[in-house]
Every structure is written in structure tokens, then in C-alpha cells.
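Printed here is final_17.pdb (PDB, C-alpha atoms, pLDDT in the B column):
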ATOM      1  CA  MET N   1       0.000   0.000   0.000  1.00 42.00           C
ATOM      2  CA  ALA N   2       1.466   3.344  -1.069  1.00 47.00           C
ATOM      3  CA  LYS N   3       1.589   6.291   1.297  1.00 50.00           C
ATOM      4  CA  ALA N   4      -0.168   9.535   0.489  1.00 55.00           C
ATOM      5  CA  ILE N   5       1.697  12.791  -0.085  1.00 59.00           C
ATOM      6  CA  LEU N   6      -0.397  15.888   0.637  1.00 74.00           C
ATOM      7  CA  ASP N   7      -3.355  13.504   0.397  1.00 82.00           C
ATOM      8  CA  PHE N   8      -2.354  12.481  -3.163  1.00 87.00           C
ATOM      9  CA  GLU N   9      -1.958   8.804  -3.963  1.00 86.00           C
ATOM     10  CA  THR N  10       1.710   8.103  -4.700  1.00 86.00           C
ATOM     11  CA  GLU N  11       1.017   5.168  -7.033  1.00 90.00           C
ATOM     12  CA  GLY N  12       1.734   6.451 -10.553  1.00 91.00           C
ATOM     13  CA  LEU N  13       2.484   9.985  -9.365  1.00 92.00           C
ATOM     14  CA  LYS N  14       4.809  11.656 -11.867  1.00 93.00           C
ATOM     15  CA  LYS N  15       5.203  15.142 -10.443  1.00 93.00           C
ATOM     16  CA  LEU N  16       3.885  17.653  -7.917  1.00 93.00           C
ATOM     17  CA  HIS N  17       3.565  21.230  -9.149  1.00 93.00           C
ATOM     18  CA  PHE N  18       3.630  23.952  -6.481  1.00 92.00           C
ATOM     19  CA  LEU N  19       1.897  27.183  -7.502  1.00 90.00           C
ATOM     20  CA  VAL N  20       2.568  29.896  -4.946  1.00 88.00           C
ATOM     21  CA  GLY N  21       3.512  33.263  -6.439  1.00 82.00           C
ATOM     22  CA  GLY N  22       0.877  35.932  -5.952  1.00 83.00           C
ATOM     23  CA  LEU N  23      -1.810  33.588  -4.623  1.00 89.00           C
ATOM     24  CA  ASN N  24      -3.698  34.011  -1.346  1.00 89.00           C
ATOM     25  CA  PHE N  25      -3.385  30.272  -0.770  1.00 93.00           C
ATOM     26  CA  PRO N  26      -0.777  28.076  -2.470  1.00 92.00           C
ATOM     27  CA  VAL N  27      -2.048  25.267  -4.697  1.00 94.00           C
ATOM     28  CA  VAL N  28      -0.363  21.930  -5.359  1.00 94.00           C
ATOM     29  CA  ALA N  29      -1.334  20.010  -8.485  1.00 95.00           C
ATOM     30  CA  ALA N  30      -0.448  16.361  -9.047  1.00 95.00           C
ATOM     31  CA  THR N  31       0.194  14.817 -12.437  1.00 95.00           C
ATOM     32  CA  TYR N  32      -0.090  11.110 -13.098  1.00 95.00           C
ATOM     33  CA  ASN N  33       0.490  10.933 -16.847  1.00 95.00           C
ATOM     34  CA  ASP N  34       2.240  12.810 -19.644  1.00 95.00           C
ATOM     35  CA  TRP N  35      -0.940  14.595 -20.820  1.00 95.00           C
ATOM     36  CA  GLU N  36      -1.588  16.053 -17.333  1.00 95.00           C
ATOM     37  CA  ASN N  37       2.070  17.009 -17.029  1.00 93.00           C
ATOM     38  CA  GLN N  38       1.964  18.811 -20.390  1.00 94.00           C
ATOM     39  CA  GLN N  39      -1.266  20.638 -19.475  1.00 93.00           C
ATOM     40  CA  ILE N  40       0.006  21.851 -16.107  1.00 93.00           C
ATOM     41  CA  SER N  41       3.359  22.858 -17.644  1.00 89.00           C
ATOM     42  CA  CYS N  42       1.496  25.081 -20.139  1.00 89.00           C
ATOM     43  CA  MET N  43      -0.551  26.598 -17.327  1.00 89.00           C
ATOM     44  CA  GLU N  44       2.621  27.193 -15.279  1.00 86.00           C
ATOM     45  CA  GLY N  45       4.074  29.133 -18.219  1.00 83.00           C
ATOM     46  CA  ASN N  46       1.023  31.399 -18.230  1.00 83.00           C
ATOM     47  CA  PHE N  47       0.938  31.496 -14.432  1.00 79.00           C
ATOM     48  CA  LYS N  48       4.269  33.308 -14.317  1.00 75.00           C
ATOM     49  CA  SER N  49       2.805  36.155 -16.372  1.00 78.00           C
ATOM     50  CA  GLY N  50       0.299  36.867 -13.596  1.00 77.00           C
ATOM     51  CA  GLY N  51      -3.438  37.357 -13.471  1.00 81.00           C
ATOM     52  CA  PHE N  52      -4.195  34.081 -11.718  1.00 88.00           C
ATOM     53  CA  THR N  53      -5.942  33.762  -8.370  1.00 91.00           C
ATOM     54  CA  THR N  54      -6.189  30.724  -6.151  1.00 93.00           C
ATOM     55  CA  LYS N  55      -9.771  30.279  -7.327  1.00 94.00           C
ATOM     56  CA  SER N  56      -8.882  30.509 -11.035  1.00 93.00           C
ATOM     57  CA  VAL N  57      -6.047  27.978 -10.624  1.00 93.00           C
ATOM     58  CA  CYS N  58      -8.409  25.564  -8.845  1.00 95.00           C
ATOM     59  CA  GLU N  59     -11.104  26.064 -11.487  1.00 94.00           C
ATOM     60  CA  TRP N  60      -8.520  25.430 -14.211  1.00 93.00           C
ATOM     61  CA  CYS N  61      -7.510  22.169 -12.488  1.00 94.00           C
ATOM     62  CA  ILE N  62     -11.165  21.133 -12.148  1.00 94.00           C
ATOM     63  CA  HIS N  63     -11.812  21.894 -15.824  1.00 94.00           C
ATOM     64  CA  HIS N  64      -8.768  19.864 -16.912  1.00 94.00           C
ATOM     65  CA  LYS N  65      -9.504  17.048 -14.423  1.00 94.00           C
ATOM     66  CA  ILE N  66      -6.179  17.484 -12.652  1.00 95.00           C
ATOM     67  CA  GLN N  67      -6.029  16.712  -8.945  1.00 94.00           C
ATOM     68  CA  TYR N  68      -5.087  19.642  -6.746  1.00 94.00           C
ATOM     69  CA  ARG N  69      -4.972  20.672  -3.104  1.00 93.00           C
ATOM     70  CA  ILE N  70      -5.198  24.106  -1.545  1.00 92.00           C
ATOM     71  CA  VAL N  71      -2.391  24.362   0.986  1.00 90.00           C
ATOM     72  CA  TYR N  72      -3.586  25.921   4.209  1.00 88.00           C
ATOM     73  CA  PRO N  73      -2.730  24.656   7.683  1.00 84.00           C
ATOM     74  CA  VAL N  74      -6.100  24.288   9.397  1.00 82.00           C
ATOM     75  CA  SER N  75      -5.188  24.447  13.068  1.00 87.00           C
ATOM     76  CA  ILE N  76      -6.485  26.307  16.074  1.00 90.00           C
ATOM     77  CA  VAL N  77      -3.325  28.445  16.183  1.00 90.00           C
ATOM     78  CA  CYS N  78      -3.674  29.513  12.526  1.00 86.00           C
ATOM     79  CA  ILE N  79      -7.362  30.264  12.955  1.00 89.00           C
ATOM     80  CA  LEU N  80      -6.791  32.355  16.080  1.00 92.00           C
ATOM     81  CA  ARG N  81      -3.849  34.235  14.545  1.00 92.00           C
ATOM     82  CA  ASN N  82      -5.750  35.212  11.424  1.00 92.00           C
ATOM     83  CA  PRO N  83      -9.495  34.478  11.543  1.00 94.00           C
ATOM     84  CA  TYR N  84     -10.122  36.626   8.464  1.00 94.00           C
ATOM     85  CA  LYS N  85      -7.797  34.490   6.336  1.00 94.00           C
ATOM     86  CA  TYR N  86      -9.502  31.342   7.631  1.00 94.00           C
ATOM     87  CA  LEU N  87     -12.878  32.840   6.689  1.00 94.00           C
ATOM     88  CA  LYS N  88     -11.549  33.564   3.170  1.00 94.00           C
ATOM     89  CA  TYR N  89     -10.294  29.971   2.974  1.00 94.00           C
ATOM     90  CA  LEU N  90     -13.752  28.642   3.886  1.00 93.00           C
ATOM     91  CA  GLN N  91     -15.414  30.981   1.372  1.00 94.00           C
ATOM     92  CA  LEU N  92     -13.065  29.782  -1.362  1.00 94.00           C
ATOM     93  CA  LYS N  93     -13.796  26.136  -0.600  1.00 93.00           C
ATOM     94  CA  LYS N  94     -17.538  26.870  -0.667  1.00 94.00           C
ATOM     95  CA  GLU N  95     -17.234  28.677  -4.025  1.00 93.00           C
ATOM     96  CA  LEU N  96     -15.374  25.661  -5.425  1.00 94.00           C
ATOM     97  CA  GLY N  97     -18.130  23.318  -4.281  1.00 88.00           C
ATOM     98  CA  TYR N  98     -16.463  21.583  -1.357  1.00 77.00           C
ATOM     99  CA  PHE N  99     -19.487  22.049   0.899  1.00 66.00           C
ATOM    100  CA  CYS N 100     -22.244  20.795  -1.396  1.00 46.00           C
TER     101      CYS N 100
END
Since I need it in another form, could you write the structure as C-alpha cells?
Amino acid sequence: MAKAILDFETEGLKKLHFLVGGLNFPVVAATYNDWENQQISCMEGNFKSGGFTTKSVCEWCIHHKIQYRIVYPVSIVCILRNPYKYLKYLQLKKELGYFC
């Protein structure tokens, strides 16, 4: 049984792509085949030019059926330090359909 990395299955995992620059919350996308890797590489090229938000990156991943995770440490300490950011995190997840 393979271990999970950032809640991604490691079996067949080719690459993890970390998208952080200019985003409110970093996003990690996992690729499992060459097509996914090519798609995310193209998006990364456009990502560097700017104009992306965490939500638009997640929506792009959803549209292209690429697994992703929003990186945010949900802990009592993080919530108490910055409740507004936690609220924005919850709003983002709701907008993306996590709470349906």
C-alpha cells in the first residue's frame, strides 16, 4: 500500500507542481500521466505572467480534471492568529463546491 503525499496517492504519481507566487493560498497540483504534465506545464508558463488567483487555478484544475490541493494549515493556532484568512479559505472552498 502506497503512502499519500499531501493527500495524493503516490502510485503512478509523476510530479507535484507547487503554484505559490501571488496567490492568497498556495495550490499543489499532481500529475499522473504525460498529458496532465503537459497541461500543467502550459498553465505554469502562463501562471508566471500573472493574473491568476487561487480560485482561477483551482477552477482550471477542475476543468482539466487534474487533482489539486489548496495548501492551508487548518489548526487552532492559525485560525486564532488570522481568523479573516480562515474565513476567506472557507469561502473559497464553498465557491469551489467543497461544501455541497
Sorted per-residue table, stretch 3-57 of chain N near stretch 65-78 of chain N, closest atoms and distance, 12 Å, only C-alpha atoms, as JSON lines:
{"residue": "N:Ile5", "atom": "CA", "partner": "N:Arg69", "partner_atom": "CA", "distance": 10.8}
{"residue": "N:Leu6", "atom": "CA", "partner": "N:Arg69", "partner_atom": "CA", "distance": 7.6}
{"residue": "N:Asp7", "atom": "CA", "partner": "N:Arg69", "partner_atom": "CA", "distance": 8.1}
{"residue": "N:Phe8", "atom": "CA", "partner": "N:Gln67", "partner_atom": "CA", "distance": 8.1}
{"residue": "N:Glu9", "atom": "CA", "partner": "N:Gln67", "partner_atom": "CA", "distance": 10.2}
{"residue": "N:Leu13", "atom": "CA", "partner": "N:Gln67", "partner_atom": "CA", "distance": 10.9}
{"residue": "N:Lys15", "atom": "CA", "partner": "N:Gln67", "partner_atom": "CA", "distance": 11.4}
{"residue": "N:Leu16", "atom": "CA", "partner": "N:Tyr68", "partner_atom": "CA", "distance": 9.3}
{"residue": "N:His17", "atom": "CA", "partner": "N:Tyr68", "partner_atom": "CA", "distance": 9.1}
{"residue": "N:Phe18", "atom": "CA", "partner": "N:Val71", "partner_atom": "CA", "distance": 9.6}
{"residue": "N:Leu19", "atom": "CA", "partner": "N:Ile70", "partner_atom": "CA", "distance": 9.8}
{"residue": "N:Val20", "atom": "CA", "partner": "N:Val71", "partner_atom": "CA", "distance": 9.5}
{"residue": "N:Leu23", "atom": "CA", "partner": "N:Ile70", "partner_atom": "CA", "distance": 10.5}
{"residue": "N:Asn24", "atom": "CA", "partner": "N:Tyr72", "partner_atom": "CA", "distance": 9.8}
{"residue": "N:Phe25", "atom": "CA", "partner": "N:Val71", "partner_atom": "CA", "distance": 6.2}
{"residue": "N:Pro26", "atom": "CA", "partner": "N:Val71", "partner_atom": "CA", "distance": 5.3}
{"residue": "N:Val27", "atom": "CA", "partner": "N:Ile70", "partner_atom": "CA", "distance": 4.6}
{"residue": "N:Val28", "atom": "CA", "partner": "N:Arg69", "partner_atom": "CA", "distance": 5.3}
{"residue": "N:Ala29", "atom": "CA", "partner": "N:Tyr68", "partner_atom": "CA", "distance": 4.2}
{"residue": "N:Ala30", "atom": "CA", "partner": "N:Gln67", "partner_atom": "CA", "distance": 5.6}
{"residue": "N:Thr31", "atom": "CA", "partner": "N:Ile66", "partner_atom": "CA", "distance": 6.9}
{"residue": "N:Tyr32", "atom": "CA", "partner": "N:Ile66", "partner_atom": "CA", "distance": 8.8}
{"residue": "N:Asn33", "atom": "CA", "partner": "N:Ile66", "partner_atom": "CA", "distance": 10.2}
{"residue": "N:Asp34", "atom": "CA", "partner": "N:Ile66", "partner_atom": "CA", "distance": 11.9}
{"residue": "N:Trp35", "atom": "CA", "partner": "N:Ile66", "partner_atom": "CA", "distance": 10.1}
{"residue": "N:Glu36", "atom": "CA", "partner": "N:Ile66", "partner_atom": "CA", "distance": 6.7}
{"residue": "N:Asn37", "atom": "CA", "partner": "N:Ile66", "partner_atom": "CA", "distance": 9.4}
{"residue": "N:Gln38", "atom": "CA", "partner": "N:Ile66", "partner_atom": "CA", "distance": 11.3}
{"residue": "N:Gln39", "atom": "CA", "partner": "N:Ile66", "partner_atom": "CA", "distance": 9.0}
{"residue": "N:Ile40", "atom": "CA", "partner": "N:Ile66", "partner_atom": "CA", "distance": 8.3}
{"residue": "N:Met43", "atom": "CA", "partner": "N:Ile66", "partner_atom": "CA", "distance": 11.7}
{"residue": "N:Thr53", "atom": "CA", "partner": "N:Ile70", "partner_atom": "CA", "distance": 11.8}
{"residue": "N:Thr54", "atom": "CA", "partner": "N:Ile70", "partner_atom": "CA", "distance": 8.1}
{"residue": "N:Lys55", "atom": "CA", "partner": "N:Ile70", "partner_atom": "CA", "distance": 9.6}
{"residue": "N:Val57", "atom": "CA", "partner": "N:Tyr68", "partner_atom": "CA", "distance": 9.2}
Exercise. How far is it from atom CA of N:Lys93 to atom CA of N:Glu59, in Å with one decimal?
Worked result: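 The value is 11.2 Å.
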For this session: Provide the atom CA of N:Thr10 to atom CA of N:Leu96 distance in Å, to one decimal place.
Result: 24.5 Å
Given 8 Å of margin on each side, can you work out the centre and size in Å (one decimal) of an axis-aligned box holding every listed atom of stretch 55-68 of chain N, as lines of an AutoDock Vina configuration file?
center_x = -8.4
center_y = 23.6
center_z = -11.8
size_x = 22.7
size_y = 29.8
size_z = 26.2
Problem set entry | Atomic separation - atom CA of N:Cys61 relative to atom CA of N:Leu92, Å |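 These atoms are spaced 14.6 Å apart.
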Would you fill the gaps in stretch 24-46 of chain N so it has N, CA and C atoms, then print it as a compact mmCIF listing (two decimals), in the coordinates of the input?
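Result saved to part-v1.txt:
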# COMPACT_ATOMS: atom_id res chain seq x y z
N ASN N 24 -3.34 33.93 -2.76
CA ASN N 24 -3.70 34.01 -1.35
C ASN N 24 -3.39 32.71 -0.62
N PHE N 25 -3.65 31.60 -1.31
CA PHE N 25 -3.38 30.27 -0.77
C PHE N 25 -2.65 29.48 -1.84
N PRO N 26 -1.51 28.89 -1.49
CA PRO N 26 -0.78 28.08 -2.47
C PRO N 26 -1.61 26.88 -2.92
N VAL N 27 -1.36 26.43 -4.13
CA VAL N 27 -2.05 25.27 -4.70
C VAL N 27 -0.99 24.28 -5.16
N VAL N 28 -1.23 23.00 -4.88
CA VAL N 28 -0.36 21.93 -5.36
C VAL N 28 -1.18 21.06 -6.30
N ALA N 29 -0.67 20.86 -7.50
CA ALA N 29 -1.33 20.01 -8.48
C ALA N 29 -0.48 18.77 -8.72
N ALA N 30 -1.15 17.63 -8.83
CA ALA N 30 -0.45 16.36 -9.05
C ALA N 30 -0.70 15.88 -10.47
N THR N 31 0.36 15.39 -11.10
CA THR N 31 0.19 14.82 -12.44
C THR N 31 0.55 13.34 -12.39
N TYR N 32 -0.26 12.56 -13.08
CA TYR N 32 -0.09 11.11 -13.10
C TYR N 32 0.22 10.56 -14.48
N ASN N 33 0.14 11.39 -15.50
CA ASN N 33 0.49 10.93 -16.85
C ASN N 33 1.08 12.10 -17.64
N ASP N 34 1.57 11.79 -18.84
CA ASP N 34 2.24 12.81 -19.64
C ASP N 34 1.29 13.93 -20.08
N TRP N 35 0.03 13.58 -20.40
CA TRP N 35 -0.94 14.60 -20.82
C TRP N 35 -1.16 15.62 -19.70
N GLU N 36 -1.39 15.14 -18.47
CA GLU N 36 -1.59 16.05 -17.33
C GLU N 36 -0.35 16.90 -17.11
N ASN N 37 0.81 16.29 -17.23
CA ASN N 37 2.07 17.01 -17.03
C ASN N 37 2.23 18.11 -18.08
N GLN N 38 1.88 17.82 -19.32
CA GLN N 38 1.96 18.81 -20.39
C GLN N 38 0.97 19.95 -20.14
N GLN N 39 -0.25 19.62 -19.73
CA GLN N 39 -1.27 20.64 -19.48
C GLN N 39 -0.84 21.58 -18.35
N ILE N 40 -0.37 21.02 -17.25
CA ILE N 40 0.01 21.85 -16.11
C ILE N 40 1.27 22.65 -16.43
N SER N 41 2.16 22.11 -17.24
CA SER N 41 3.36 22.86 -17.64
C SER N 41 2.97 24.08 -18.47
N CYS N 42 1.99 23.94 -19.35
CA CYS N 42 1.50 25.08 -20.14
C CYS N 42 0.87 26.13 -19.22
N MET N 43 0.08 25.67 -18.26
CA MET N 43 -0.55 26.60 -17.33
C MET N 43 0.51 27.31 -16.48
N GLU N 44 1.54 26.58 -16.06
CA GLU N 44 2.62 27.19 -15.28
C GLU N 44 3.32 28.30 -16.07
N GLY N 45 3.47 28.10 -17.37
CA GLY N 45 4.07 29.13 -18.22
C GLY N 45 3.24 30.40 -18.21
N ASN N 46 1.92 30.25 -18.29
CA ASN N 46 1.02 31.40 -18.23
C ASN N 46 0.91 31.96 -16.82
